[in-house]
file input_35.pdb (PDB, C-alpha atoms, pLDDT in the B column)
ATOM      1  CA  MET A   1     -14.872   8.458   2.370  1.00 42.00           C
ATOM      2  CA  SER A   2     -12.105  10.828   3.525  1.00 43.00           C
ATOM      3  CA  THR A   3     -14.761  13.312   4.724  1.00 45.00           C
ATOM      4  CA  LEU A   4     -16.440  10.564   6.719  1.00 40.00           C
ATOM      5  CA  ILE A   5     -13.145   9.612   8.361  1.00 40.00           C
ATOM      6  CA  LYS A   6     -12.437  13.227   9.309  1.00 41.00           C
ATOM      7  CA  TYR A   7     -15.913  13.489  10.879  1.00 37.00           C
ATOM      8  CA  LEU A   8     -15.511  10.229  12.759  1.00 36.00           C
ATOM      9  CA  THR A   9     -12.089  11.309  13.998  1.00 37.00           C
ATOM     10  CA  GLY A  10     -13.836  14.093  15.888  1.00 39.00           C
ATOM     11  CA  LEU A  11     -15.891  11.407  17.607  1.00 36.00           C
ATOM     12  CA  GLY A  12     -12.814   9.396  18.515  1.00 39.00           C
ATOM     13  CA  LEU A  13     -13.474   6.739  15.881  1.00 37.00           C
ATOM     14  CA  GLY A  14     -11.097   7.815  13.106  1.00 38.00           C
ATOM     15  CA  VAL A  15      -8.186   5.600  14.126  1.00 36.00           C
ATOM     16  CA  ALA A  16     -10.381   2.547  14.492  1.00 35.00           C
ATOM     17  CA  LEU A  17     -12.020   3.049  11.124  1.00 33.00           C
ATOM     18  CA  SER A  18      -9.075   4.263   9.045  1.00 37.00           C
ATOM     19  CA  PHE A  19      -8.330   0.794   7.690  1.00 35.00           C
ATOM     20  CA  THR A  20     -11.825   0.558   6.204  1.00 36.00           C
ATOM     21  CA  ALA A  21     -11.172   3.694   4.192  1.00 37.00           C
ATOM     22  CA  GLY A  22      -8.063   2.179   2.635  1.00 41.00           C
ATOM     23  CA  THR A  23      -9.941  -0.997   1.799  1.00 38.00           C
ATOM     24  CA  ALA A  24     -12.827   0.924   0.242  1.00 36.00           C
ATOM     25  CA  LEU A  25     -10.569   3.140  -1.838  1.00 39.00           C
ATOM     26  CA  ALA A  26      -8.627   0.124  -3.073  1.00 40.00           C
ATOM     27  CA  ALA A  27     -11.875  -1.549  -4.094  1.00 37.00           C
ATOM     28  CA  GLU A  28     -12.816   1.459  -6.162  1.00 40.00           C
ATOM     29  CA  GLY A  29      -9.857   0.792  -8.459  1.00 53.00           C
ATOM     30  CA  GLY A  30      -7.901   3.490 -10.200  1.00 73.00           C
ATOM     31  CA  GLU A  31      -5.776   4.488 -13.131  1.00 81.00           C
ATOM     32  CA  CYS A  32      -2.044   3.844 -13.178  1.00 86.00           C
ATOM     33  CA  GLY A  33      -1.211   6.098 -16.111  1.00 77.00           C
ATOM     34  CA  ASP A  34      -1.778   6.915 -19.765  1.00 75.00           C
ATOM     35  CA  PHE A  35      -0.084   5.454 -22.834  1.00 71.00           C
ATOM     36  CA  ILE A  36      -0.213   5.831 -26.620  1.00 72.00           C
ATOM     37  CA  ASN A  37      -1.574   2.751 -28.371  1.00 69.00           C
ATOM     38  CA  ALA A  38      -0.522   1.404 -31.781  1.00 67.00           C
ATOM     39  CA  GLU A  39      -3.084   3.644 -33.491  1.00 74.00           C
ATOM     40  CA  GLY A  40      -1.645   6.742 -31.836  1.00 72.00           C
ATOM     41  CA  TYR A  41      -4.541   7.275 -29.407  1.00 75.00           C
ATOM     42  CA  THR A  42      -4.140   7.874 -25.682  1.00 80.00           C
ATOM     43  CA  GLU A  43      -5.495   5.090 -23.488  1.00 79.00           C
ATOM     44  CA  HIS A  44      -5.895   4.900 -19.725  1.00 85.00           C
ATOM     45  CA  LEU A  45      -4.138   2.039 -17.979  1.00 88.00           C
ATOM     46  CA  ALA A  46      -6.183   0.607 -15.113  1.00 91.00           C
ATOM     47  CA  CYS A  47      -4.284  -0.617 -12.064  1.00 94.00           C
ATOM     48  CA  SER A  48      -4.187  -4.357 -11.505  1.00 95.00           C
ATOM     49  CA  LYS A  49      -5.092  -5.552  -8.033  1.00 96.00           C
ATOM     50  CA  ALA A  50      -2.017  -6.553  -6.053  1.00 97.00           C
ATOM     51  CA  PRO A  51      -2.370  -9.866  -4.145  1.00 97.00           C
ATOM     52  CA  ILE A  52      -1.578  -8.502  -0.686  1.00 97.00           C
ATOM     53  CA  ASP A  53      -1.874 -11.080   2.113  1.00 97.00           C
ATOM     54  CA  PHE A  54       0.343 -10.737   5.177  1.00 97.00           C
ATOM     55  CA  THR A  55      -0.914 -14.072   6.531  1.00 96.00           C
ATOM     56  CA  ASN A  56       0.662 -15.905   3.578  1.00 97.00           C
ATOM     57  CA  LYS A  57       4.149 -16.474   4.959  1.00 97.00           C
ATOM     58  CA  GLY A  58       5.192 -18.458   1.893  1.00 97.00           C
ATOM     59  CA  SER A  59       4.397 -15.495  -0.345  1.00 98.00           C
ATOM     60  CA  LEU A  60       6.262 -13.077   1.927  1.00 98.00           C
ATOM     61  CA  GLN A  61       9.285 -15.374   2.149  1.00 97.00           C
ATOM     62  CA  ASN A  62       9.425 -15.743  -1.621  1.00 98.00           C
ATOM     63  CA  GLY A  63       8.970 -11.982  -1.944  1.00 98.00           C
ATOM     64  CA  ALA A  64      11.948 -11.420   0.369  1.00 97.00           C
ATOM     65  CA  LYS A  65      14.044 -13.706  -1.827  1.00 96.00           C
ATOM     66  CA  MET A  66      12.863 -11.842  -4.941  1.00 97.00           C
ATOM     67  CA  PHE A  67      13.685  -8.481  -3.388  1.00 97.00           C
ATOM     68  CA  MET A  68      17.194  -9.469  -2.356  1.00 95.00           C
ATOM     69  CA  ASN A  69      17.917 -11.124  -5.717  1.00 94.00           C
ATOM     70  CA  TYR A  70      16.498  -8.481  -8.046  1.00 95.00           C
ATOM     71  CA  CYS A  71      16.178  -5.208  -6.112  1.00 95.00           C
ATOM     72  CA  ALA A  72      18.761  -4.954  -3.322  1.00 93.00           C
ATOM     73  CA  GLY A  73      21.668  -4.647  -5.714  1.00 89.00           C
ATOM     74  CA  CYS A  74      20.613  -1.081  -6.577  1.00 91.00           C
ATOM     75  CA  HIS A  75      17.872  -0.164  -4.105  1.00 94.00           C
ATOM     76  CA  SER A  76      18.150   0.159  -0.357  1.00 94.00           C
ATOM     77  CA  ALA A  77      15.454  -0.451   2.242  1.00 96.00           C
ATOM     78  CA  LYS A  78      17.003   1.527   5.063  1.00 94.00           C
ATOM     79  CA  TYR A  79      14.093   1.136   7.504  1.00 95.00           C
ATOM     80  CA  VAL A  80      14.151  -2.676   7.413  1.00 96.00           C
ATOM     81  CA  ARG A  81      16.515  -4.887   9.396  1.00 96.00           C
ATOM     82  CA  HIS A  82      17.419  -8.426   8.374  1.00 96.00           C
ATOM     83  CA  SER A  83      16.627  -9.548  11.917  1.00 96.00           C
ATOM     84  CA  ARG A  84      13.058  -8.218  11.537  1.00 96.00           C
ATOM     85  CA  ILE A  85      12.689 -10.203   8.329  1.00 97.00           C
ATOM     86  CA  ALA A  86      13.769 -13.367  10.137  1.00 97.00           C
ATOM     87  CA  LYS A  87      11.389 -12.774  13.044  1.00 96.00           C
ATOM     88  CA  ASP A  88       8.256 -11.580  11.249  1.00 96.00           C
ATOM     89  CA  LEU A  89       8.476 -13.855   8.205  1.00 97.00           C
ATOM     90  CA  GLU A  90       9.383 -16.885  10.311  1.00 96.00           C
ATOM     91  CA  ILE A  91      12.671 -17.556   8.517  1.00 96.00           C
ATOM     92  CA  PRO A  92      15.440 -19.174  10.584  1.00 96.00           C
ATOM     93  CA  PRO A  93      18.176 -16.569  11.180  1.00 95.00           C
ATOM     94  CA  GLU A  94      20.838 -18.880   9.778  1.00 95.00           C
ATOM     95  CA  LEU A  95      18.941 -19.041   6.464  1.00 95.00           C
ATOM     96  CA  VAL A  96      18.593 -15.268   6.389  1.00 95.00           C
ATOM     97  CA  GLU A  97      22.339 -14.953   6.969  1.00 94.00           C
ATOM     98  CA  LYS A  98      23.130 -17.501   4.266  1.00 92.00           C
ATOM     99  CA  TYR A  99      20.693 -16.513   1.505  1.00 92.00           C
ATOM    100  CA  LEU A 100      19.253 -13.029   2.111  1.00 93.00           C
ATOM    101  CA  MET A 101      22.121 -10.965   3.504  1.00 92.00           C
ATOM    102  CA  VAL A 102      23.773  -9.922   0.241  1.00 85.00           C
ATOM    103  CA  THR A 103      25.054  -6.495   1.323  1.00 82.00           C
ATOM    104  CA  THR A 104      26.172  -7.111   4.935  1.00 88.00           C
ATOM    105  CA  ASP A 105      27.307  -9.825   7.336  1.00 87.00           C
ATOM    106  CA  GLN A 106      25.473  -8.482  10.408  1.00 93.00           C
ATOM    107  CA  ILE A 107      21.877  -9.676  10.816  1.00 95.00           C
ATOM    108  CA  GLY A 108      20.978  -6.542  12.760  1.00 94.00           C
ATOM    109  CA  ASP A 109      21.923  -4.271   9.852  1.00 95.00           C
ATOM    110  CA  HIS A 110      19.468  -2.490   7.588  1.00 94.00           C
ATOM    111  CA  ILE A 111      19.176  -3.305   3.888  1.00 94.00           C
ATOM    112  CA  ASN A 112      21.531  -0.878   2.179  1.00 92.00           C
ATOM    113  CA  ALA A 113      22.693  -0.946  -1.420  1.00 87.00           C
ATOM    114  CA  GLU A 114      26.481  -1.083  -1.476  1.00 79.00           C
ATOM    115  CA  ILE A 115      26.852   1.008  -4.650  1.00 84.00           C
ATOM    116  CA  ASP A 116      28.011   4.616  -4.584  1.00 84.00           C
ATOM    117  CA  PRO A 117      24.983   6.866  -5.295  1.00 82.00           C
ATOM    118  CA  GLU A 118      27.129   9.001  -7.589  1.00 85.00           C
ATOM    119  CA  VAL A 119      27.995   5.948  -9.656  1.00 88.00           C
ATOM    120  CA  GLN A 120      24.311   5.005  -9.810  1.00 86.00           C
ATOM    121  CA  ALA A 121      23.448   8.533 -10.901  1.00 85.00           C
ATOM    122  CA  SER A 122      25.937   8.255 -13.744  1.00 85.00           C
ATOM    123  CA  TRP A 123      24.291   5.006 -14.834  1.00 85.00           C
ATOM    124  CA  PHE A 124      20.614   5.896 -14.484  1.00 85.00           C
ATOM    125  CA  GLY A 125      20.556   9.699 -14.362  1.00 84.00           C
ATOM    126  CA  ALA A 126      19.605   9.660 -10.661  1.00 85.00           C
ATOM    127  CA  PRO A 127      20.248   7.329  -7.716  1.00 88.00           C
ATOM    128  CA  PRO A 128      17.569   4.610  -7.409  1.00 92.00           C
ATOM    129  CA  PRO A 129      15.115   5.455  -4.595  1.00 93.00           C
ATOM    130  CA  ASP A 130      14.927   3.704  -1.251  1.00 95.00           C
ATOM    131  CA  LEU A 131      12.090   1.169  -1.399  1.00 96.00           C
ATOM    132  CA  SER A 132      11.210   0.894   2.299  1.00 96.00           C
ATOM    133  CA  LEU A 133       8.035   2.957   1.939  1.00 96.00           C
ATOM    134  CA  GLU A 134       7.462   2.772  -1.821  1.00 96.00           C
ATOM    135  CA  THR A 135       4.091   1.011  -1.587  1.00 96.00           C
ATOM    136  CA  ARG A 136       2.928   3.582   0.976  1.00 95.00           C
ATOM    137  CA  LEU A 137       3.938   6.351  -1.417  1.00 94.00           C
ATOM    138  CA  ARG A 138       2.655   4.876  -4.670  1.00 94.00           C
ATOM    139  CA  GLY A 139       0.128   2.287  -3.533  1.00 95.00           C
ATOM    140  CA  ASP A 140       0.286  -1.515  -3.694  1.00 96.00           C
ATOM    141  CA  ASP A 141      -1.644  -1.718  -6.966  1.00 97.00           C
ATOM    142  CA  TRP A 142       0.496   0.944  -8.640  1.00 96.00           C
ATOM    143  CA  VAL A 143       3.758  -0.850  -7.820  1.00 97.00           C
ATOM    144  CA  TYR A 144       2.292  -4.194  -8.929  1.00 97.00           C
ATOM    145  CA  THR A 145       1.046  -2.769 -12.226  1.00 96.00           C
ATOM    146  CA  TYR A 146       4.315  -0.920 -12.791  1.00 96.00           C
ATOM    147  CA  LEU A 147       6.395  -4.088 -12.449  1.00 97.00           C
ATOM    148  CA  LEU A 148       4.104  -5.889 -14.909  1.00 97.00           C
ATOM    149  CA  SER A 149       4.150  -3.084 -17.498  1.00 95.00           C
ATOM    150  CA  PHE A 150       7.681  -3.139 -18.928  1.00 96.00           C
ATOM    151  CA  TYR A 151       8.036  -3.603 -22.674  1.00 94.00           C
ATOM    152  CA  GLU A 152      10.860  -3.600 -25.203  1.00 94.00           C
ATOM    153  CA  ASP A 153      11.859  -0.173 -26.490  1.00 94.00           C
ATOM    154  CA  PRO A 154      15.142  -0.007 -28.454  1.00 93.00           C
ATOM    155  CA  SER A 155      15.111   3.792 -28.214  1.00 93.00           C
ATOM    156  CA  ARG A 156      15.732   3.655 -24.458  1.00 92.00           C
ATOM    157  CA  PRO A 157      19.264   3.279 -23.015  1.00 89.00           C
ATOM    158  CA  TRP A 158      18.431  -0.038 -21.325  1.00 90.00           C
ATOM    159  CA  GLY A 159      16.195  -1.302 -24.126  1.00 93.00           C
ATOM    160  CA  ALA A 160      12.972  -1.155 -22.105  1.00 95.00           C
ATOM    161  CA  ASN A 161      10.188   1.278 -21.283  1.00 94.00           C
ATOM    162  CA  ASN A 162       7.153   1.201 -19.031  1.00 94.00           C
ATOM    163  CA  LEU A 163       3.469   1.915 -19.637  1.00 92.00           C
ATOM    164  CA  VAL A 164       2.924   3.226 -16.110  1.00 93.00           C
ATOM    165  CA  LEU A 165       6.028   5.434 -15.865  1.00 92.00           C
ATOM    166  CA  LYS A 166       7.052   6.567 -19.327  1.00 90.00           C
ATOM    167  CA  ASN A 167      10.790   6.775 -20.077  1.00 91.00           C
ATOM    168  CA  VAL A 168      11.661   5.321 -16.698  1.00 91.00           C
ATOM    169  CA  ALA A 169      15.411   5.044 -16.061  1.00 90.00           C
ATOM    170  CA  MET A 170      15.083   1.620 -14.449  1.00 92.00           C
ATOM    171  CA  PRO A 171      15.981  -1.371 -16.652  1.00 93.00           C
ATOM    172  CA  HIS A 172      13.627  -4.339 -16.857  1.00 96.00           C
ATOM    173  CA  VAL A 173      15.455  -6.357 -14.199  1.00 96.00           C
ATOM    174  CA  LEU A 174      12.814  -9.098 -14.236  1.00 97.00           C
ATOM    175  CA  ASN A 175      13.074  -9.669 -17.984  1.00 96.00           C
ATOM    176  CA  ASN A 176      14.917 -13.008 -17.786  1.00 95.00           C
ATOM    177  CA  LEU A 177      12.483 -14.270 -15.178  1.00 97.00           C
ATOM    178  CA  GLN A 178       9.562 -13.190 -17.354  1.00 96.00           C
ATOM    179  CA  GLN A 179      11.016 -15.051 -20.322  1.00 95.00           C
ATOM    180  CA  ASP A 180      11.413 -18.257 -18.320  1.00 96.00           C
ATOM    181  CA  LEU A 181       7.915 -18.300 -16.780  1.00 97.00           C
ATOM    182  CA  SER A 182       4.367 -18.344 -18.047  1.00 97.00           C
ATOM    183  CA  ASP A 183       2.305 -15.178 -17.674  1.00 96.00           C
ATOM    184  CA  GLU A 184       0.489 -16.526 -14.617  1.00 97.00           C
ATOM    185  CA  GLU A 185       3.692 -17.737 -12.983  1.00 97.00           C
ATOM    186  CA  PHE A 186       5.364 -14.378 -13.592  1.00 98.00           C
ATOM    187  CA  LYS A 187       2.399 -12.486 -12.143  1.00 97.00           C
ATOM    188  CA  SER A 188       2.539 -14.750  -9.088  1.00 98.00           C
ATOM    189  CA  GLU A 189       6.237 -14.003  -8.571  1.00 98.00           C
ATOM    190  CA  VAL A 190       5.701 -10.252  -8.960  1.00 98.00           C
ATOM    191  CA  GLY A 191       2.703 -10.508  -6.614  1.00 98.00           C
ATOM    192  CA  ASP A 192       4.929 -12.096  -3.952  1.00 98.00           C
ATOM    193  CA  LEU A 193       7.499  -9.330  -4.430  1.00 98.00           C
ATOM    194  CA  VAL A 194       4.897  -6.581  -4.019  1.00 98.00           C
ATOM    195  CA  ASN A 195       3.373  -8.404  -1.039  1.00 98.00           C
ATOM    196  CA  TYR A 196       6.799  -8.329   0.606  1.00 98.00           C
ATOM    197  CA  MET A 197       7.302  -4.653  -0.285  1.00 98.00           C
ATOM    198  CA  ALA A 198       3.913  -3.859   1.258  1.00 98.00           C
ATOM    199  CA  TRP A 199       5.012  -5.682   4.418  1.00 98.00           C
ATOM    200  CA  MET A 200       8.278  -3.698   4.449  1.00 97.00           C
ATOM    201  CA  ALA A 201       6.335  -0.443   4.270  1.00 96.00           C
ATOM    202  CA  GLU A 202       4.067  -1.343   7.191  1.00 96.00           C
ATOM    203  CA  PRO A 203       4.835  -4.624   8.989  1.00 96.00           C
ATOM    204  CA  VAL A 204       1.995  -4.089  11.479  1.00 95.00           C
ATOM    205  CA  ARG A 205      -0.695  -3.469   8.847  1.00 94.00           C
ATOM    206  CA  HIS A 206      -2.436  -6.814   9.326  1.00 94.00           C
ATOM    207  CA  ASP A 207      -2.419  -6.494  13.129  1.00 94.00           C
ATOM    208  CA  ARG A 208      -3.685  -2.910  12.844  1.00 94.00           C
ATOM    209  CA  GLN A 209      -6.574  -4.002  10.658  1.00 93.00           C
ATOM    210  CA  VAL A 210      -7.522  -6.891  12.961  1.00 95.00           C
ATOM    211  CA  ILE A 211      -7.356  -4.684  16.069  1.00 96.00           C
ATOM    212  CA  GLY A 212      -9.327  -1.964  14.274  1.00 96.00           C
ATOM    213  CA  PHE A 213     -12.091  -4.449  13.445  1.00 96.00           C
ATOM    214  CA  PHE A 214     -12.498  -5.505  17.082  1.00 96.00           C
ATOM    215  CA  VAL A 215     -12.374  -1.875  18.211  1.00 97.00           C
ATOM    216  CA  ILE A 216     -15.309  -1.129  15.913  1.00 96.00           C
ATOM    217  CA  ILE A 217     -17.233  -4.125  17.270  1.00 97.00           C
ATOM    218  CA  PHE A 218     -16.511  -2.964  20.838  1.00 97.00           C
ATOM    219  CA  LEU A 219     -17.685   0.573  20.101  1.00 96.00           C
ATOM    220  CA  LEU A 220     -20.870  -0.684  18.456  1.00 96.00           C
ATOM    221  CA  VAL A 221     -21.633  -2.880  21.467  1.00 96.00           C
ATOM    222  CA  LEU A 222     -20.791  -0.018  23.849  1.00 96.00           C
ATOM    223  CA  LEU A 223     -23.218   2.193  21.948  1.00 96.00           C
ATOM    224  CA  ILE A 224     -26.187   0.190  23.283  1.00 95.00           C
ATOM    225  CA  PRO A 225     -25.636   0.770  27.068  1.00 95.00           C
ATOM    226  CA  VAL A 226     -24.536   4.363  26.379  1.00 95.00           C
ATOM    227  CA  TRP A 227     -27.769   5.029  24.485  1.00 94.00           C
ATOM    228  CA  LEU A 228     -29.846   3.391  27.222  1.00 93.00           C
ATOM    229  CA  LEU A 229     -28.010   5.350  29.914  1.00 92.00           C
ATOM    230  CA  ASN A 230     -28.569   8.584  28.026  1.00 91.00           C
ATOM    231  CA  LYS A 231     -32.253   7.757  27.707  1.00 89.00           C
ATOM    232  CA  GLU A 232     -32.473   7.085  31.438  1.00 88.00           C
ATOM    233  CA  PHE A 233     -30.761  10.365  32.360  1.00 87.00           C
ATOM    234  CA  TRP A 234     -33.042  12.456  30.174  1.00 87.00           C
ATOM    235  CA  LYS A 235     -36.353  10.669  30.658  1.00 84.00           C
ATOM    236  CA  ASP A 236     -37.674  13.222  33.215  1.00 80.00           C
ATOM    237  CA  VAL A 237     -36.537  16.259  31.253  1.00 78.00           C
ATOM    238  CA  LYS A 238     -39.442  17.867  29.438  1.00 59.00           C
TER
END

call {"tool": "encode", "arguments": {"input": "input_35.pdb", "output": "structure tokens"}}
result
Amino acid sequence: MSTLIKYLTGLGLGVALSFTAGTALAAEGGECGDFINAEGYTEHLACSKAPIDFTNKGSLQNGAKMFMNYCAGCHSAKYVRHSRIAKDLEIPPELVEKYLMVTTDQIGDHINAEIDPEVQASWFGAPPPDLSLETRLRGDDWVYTYLLSFYEDPSRPWGANNLVLKNVAMPHVLNNLQQDLSDEEFKSEVGDLVNYMAWMAEPVRHDRQVIGFFVIIFLLVLLIPVWLLNKEFWKDVK
């Protein structure tokens, strides 16, 4: 698929078709890591499909609430402004100011964790990463599977480990939520969180995909008169 995109880019079609490559690669699935099972054998962990839907404003709004409640205490999202959240997710600014601005009192500010990175490093071994572009770096499915793959491990400092990222320093911050909800309800909540994180990483993704689709349709339609014109120009050439 990547070779096809590179070839089409030379024809001026790469930008229009790039979203189809991402969709195709996502459909192919993938592995999110290896783990040792109870019998001591290595098994491959397949990625679970993240429920990404930027048209579902309810999911994105709930994901924003999840992020601010469970993630923003340690992680920053320095490329995202609270005002952009209010505008794009259709949340009244006064509600954003009241419920989602936990680290600042200015709606135009970015999401920044208000904990000294050196203090965080002493707690976790390294400062928690900025999450603005995490789904672009890791992939939507990887982040979704990672958040669903914590398990109890008394040998770890925070009492939890992860099948996707072994010996991860991050504690299982969603543990209480997981205990209070059914498996399906918990997956739905995590899905909303990852949907929001995917929006943070690329707010214009849905618009880009829609525009790309119509660009492809336009180019396919344009191909017909171009082909006919070419045929007309060359009809007398032997």

call {"tool": "closest_residue", "arguments": {"input": "input_35.pdb", "among": "A:Val215, A:Ala72, A:Met170, A:Leu177", "to": "Trp123 (chain A)", "atoms": "all atoms listed in the file"}}
result
A:Met170

call {"tool": "closest_residue", "arguments": {"input": "input_35.pdb", "among": "A:Pro129, A:Gly191, A:Gly212, A:Pro203", "to": "Gly58 (chain A)", "atoms": "all atoms listed in the file"}}
result
A:Gly191

call {"tool": "resolve_selection", "arguments": {"input": "input_35.pdb", "expression": "the PyMOL selection byres ((chain A and resi 101-108) around 9)", "output": "list of chain:residue names"}}
result
A:Met68, A:Asn69, A:Ala72, A:Gly73, A:Arg81, A:His82, A:Ser83, A:Arg84, A:Ala86, A:Pro93, A:Val96, A:Glu97, A:Lys98, A:Tyr99, A:Leu100, A:Asp109, A:His110, A:Ile111, A:Asn112, A:Ala113, A:Glu114

call {"tool": "atom_distance", "arguments": {"input": "input_35.pdb", "atom1": "CA of Asp88 (chain A)", "atom2": "CA of Leu147 (chain A)"}}
result
24.9 Å

call {"tool": "closest_residue", "arguments": {"input": "input_35.pdb", "among": "A:Glu202, A:Leu220, A:Val173, A:Val210", "to": "Tyr70 (chain A)", "atoms": "all atoms listed in the file"}}
result
A:Val173

call {"tool": "closest_residue", "arguments": {"input": "input_35.pdb", "among": "A:Trp142, A:Phe124, A:Trp227, A:Tyr196", "to": "Asn167 (chain A)", "atoms": "all atoms listed in the file"}}
result
A:Phe124

call {"tool": "atom_distance", "arguments": {"input": "input_35.pdb", "atom1": "CA of Thr135 (chain A)", "atom2": "CA of Ile85 (chain A)"}}
result
17.3 Å

call {"tool": "resolve_selection", "arguments": {"input": "input_35.pdb", "expression": "the PyMOL selection byres ((chain A and resi 128) around 9)", "output": "CSV table (one decimal) with C-alpha atoms, in the coordinates of the input"}}
result
chain,number,residue,atom,x,y,z
A,74,CYS,CA,20.6,-1.1,-6.6
A,75,HIS,CA,17.9,-0.2,-4.1
A,76,SER,CA,18.2,0.2,-0.4
A,117,PRO,CA,25.0,6.9,-5.3
A,120,GLN,CA,24.3,5.0,-9.8
A,121,ALA,CA,23.4,8.5,-10.9
A,124,PHE,CA,20.6,5.9,-14.5
A,126,ALA,CA,19.6,9.7,-10.7
A,127,PRO,CA,20.2,7.3,-7.7
A,129,PRO,CA,15.1,5.5,-4.6
A,130,ASP,CA,14.9,3.7,-1.3
A,131,LEU,CA,12.1,1.2,-1.4
A,169,ALA,CA,15.4,5.0,-16.1
A,170,MET,CA,15.1,1.6,-14.4

call {"tool": "atom_distance", "arguments": {"input": "input_35.pdb", "atom1": "CA of Glu31 (chain A)", "atom2": "CA of Val164 (chain A)"}}
result
9.3 Å

call {"tool": "resolve_selection", "arguments": {"input": "input_35.pdb", "expression": "the PyMOL selection byres ((chain A and resi 174) around 10)", "output": "list in words"}}
result
Met66, Tyr70, Cys71, Leu147, Leu148, Phe150, Pro171, His172, Val173, Asn175, Asn176, Leu177, Gln178, Gln179, Phe186, Glu189 and Val190 of chain A

call {"tool": "closest_residue", "arguments": {"input": "input_35.pdb", "among": "A:Ser132, A:Leu222, A:Glu184, A:Asp116", "to": "Phe67 (chain A)", "atoms": "all atoms listed in the file"}}
result
A:Ser132

call {"tool": "closest_residue", "arguments": {"input": "input_35.pdb", "among": "A:Lys166, A:Lys231, A:Arg205, A:Lys57", "to": "Arg136 (chain A)", "atoms": "all atoms listed in the file"}}
result
A:Arg205

call {"tool": "axis_aligned_box", "arguments": {"input": "input_35.pdb", "around": "region 69-88 of chain A", "padding_each_side": "3 Å", "output": "lines of an AutoDock Vina configuration file"}}
result
center_x = 15.0
center_y = -5.9
center_z = 2.5
size_x = 19.4
size_y = 20.9
size_z = 27.1

call {"tool": "residues_near_point", "arguments": {"input": "input_35.pdb", "point": "(-1.8, 9.0, -13.1)", "cutoff": "9 Å", "atoms": "all atoms listed in the file", "output": "list in words"}}
result
Gly30, Glu31, Cys32, Gly33, Asp34, His44, Leu45 and Val164 of chain A

call {"tool": "residues_near_point", "arguments": {"input": "input_35.pdb", "point": "(5.6, -15.6, -2.6)", "cutoff": "8 Å", "atoms": "only C-alpha atoms", "output": "PDB file with C-alpha atoms, keeping the file's coordinate frame"}}
result
ATOM      1  CA  ASN A  56       0.662 -15.905   3.578  1.00 97.00           C
ATOM      2  CA  LYS A  57       4.149 -16.474   4.959  1.00 97.00           C
ATOM      3  CA  GLY A  58       5.192 -18.458   1.893  1.00 97.00           C
ATOM      4  CA  SER A  59       4.397 -15.495  -0.345  1.00 98.00           C
ATOM      5  CA  LEU A  60       6.262 -13.077   1.927  1.00 98.00           C
ATOM      6  CA  GLN A  61       9.285 -15.374   2.149  1.00 97.00           C
ATOM      7  CA  ASN A  62       9.425 -15.743  -1.621  1.00 98.00           C
ATOM      8  CA  GLY A  63       8.970 -11.982  -1.944  1.00 98.00           C
ATOM      9  CA  SER A 188       2.539 -14.750  -9.088  1.00 98.00           C
ATOM     10  CA  GLU A 189       6.237 -14.003  -8.571  1.00 98.00           C
ATOM     11  CA  GLY A 191       2.703 -10.508  -6.614  1.00 98.00           C
ATOM     12  CA  ASP A 192       4.929 -12.096  -3.952  1.00 98.00           C
ATOM     13  CA  LEU A 193       7.499  -9.330  -4.430  1.00 98.00           C
ATOM     14  CA  ASN A 195       3.373  -8.404  -1.039  1.00 98.00           C
TER      15      ASN A 195
END
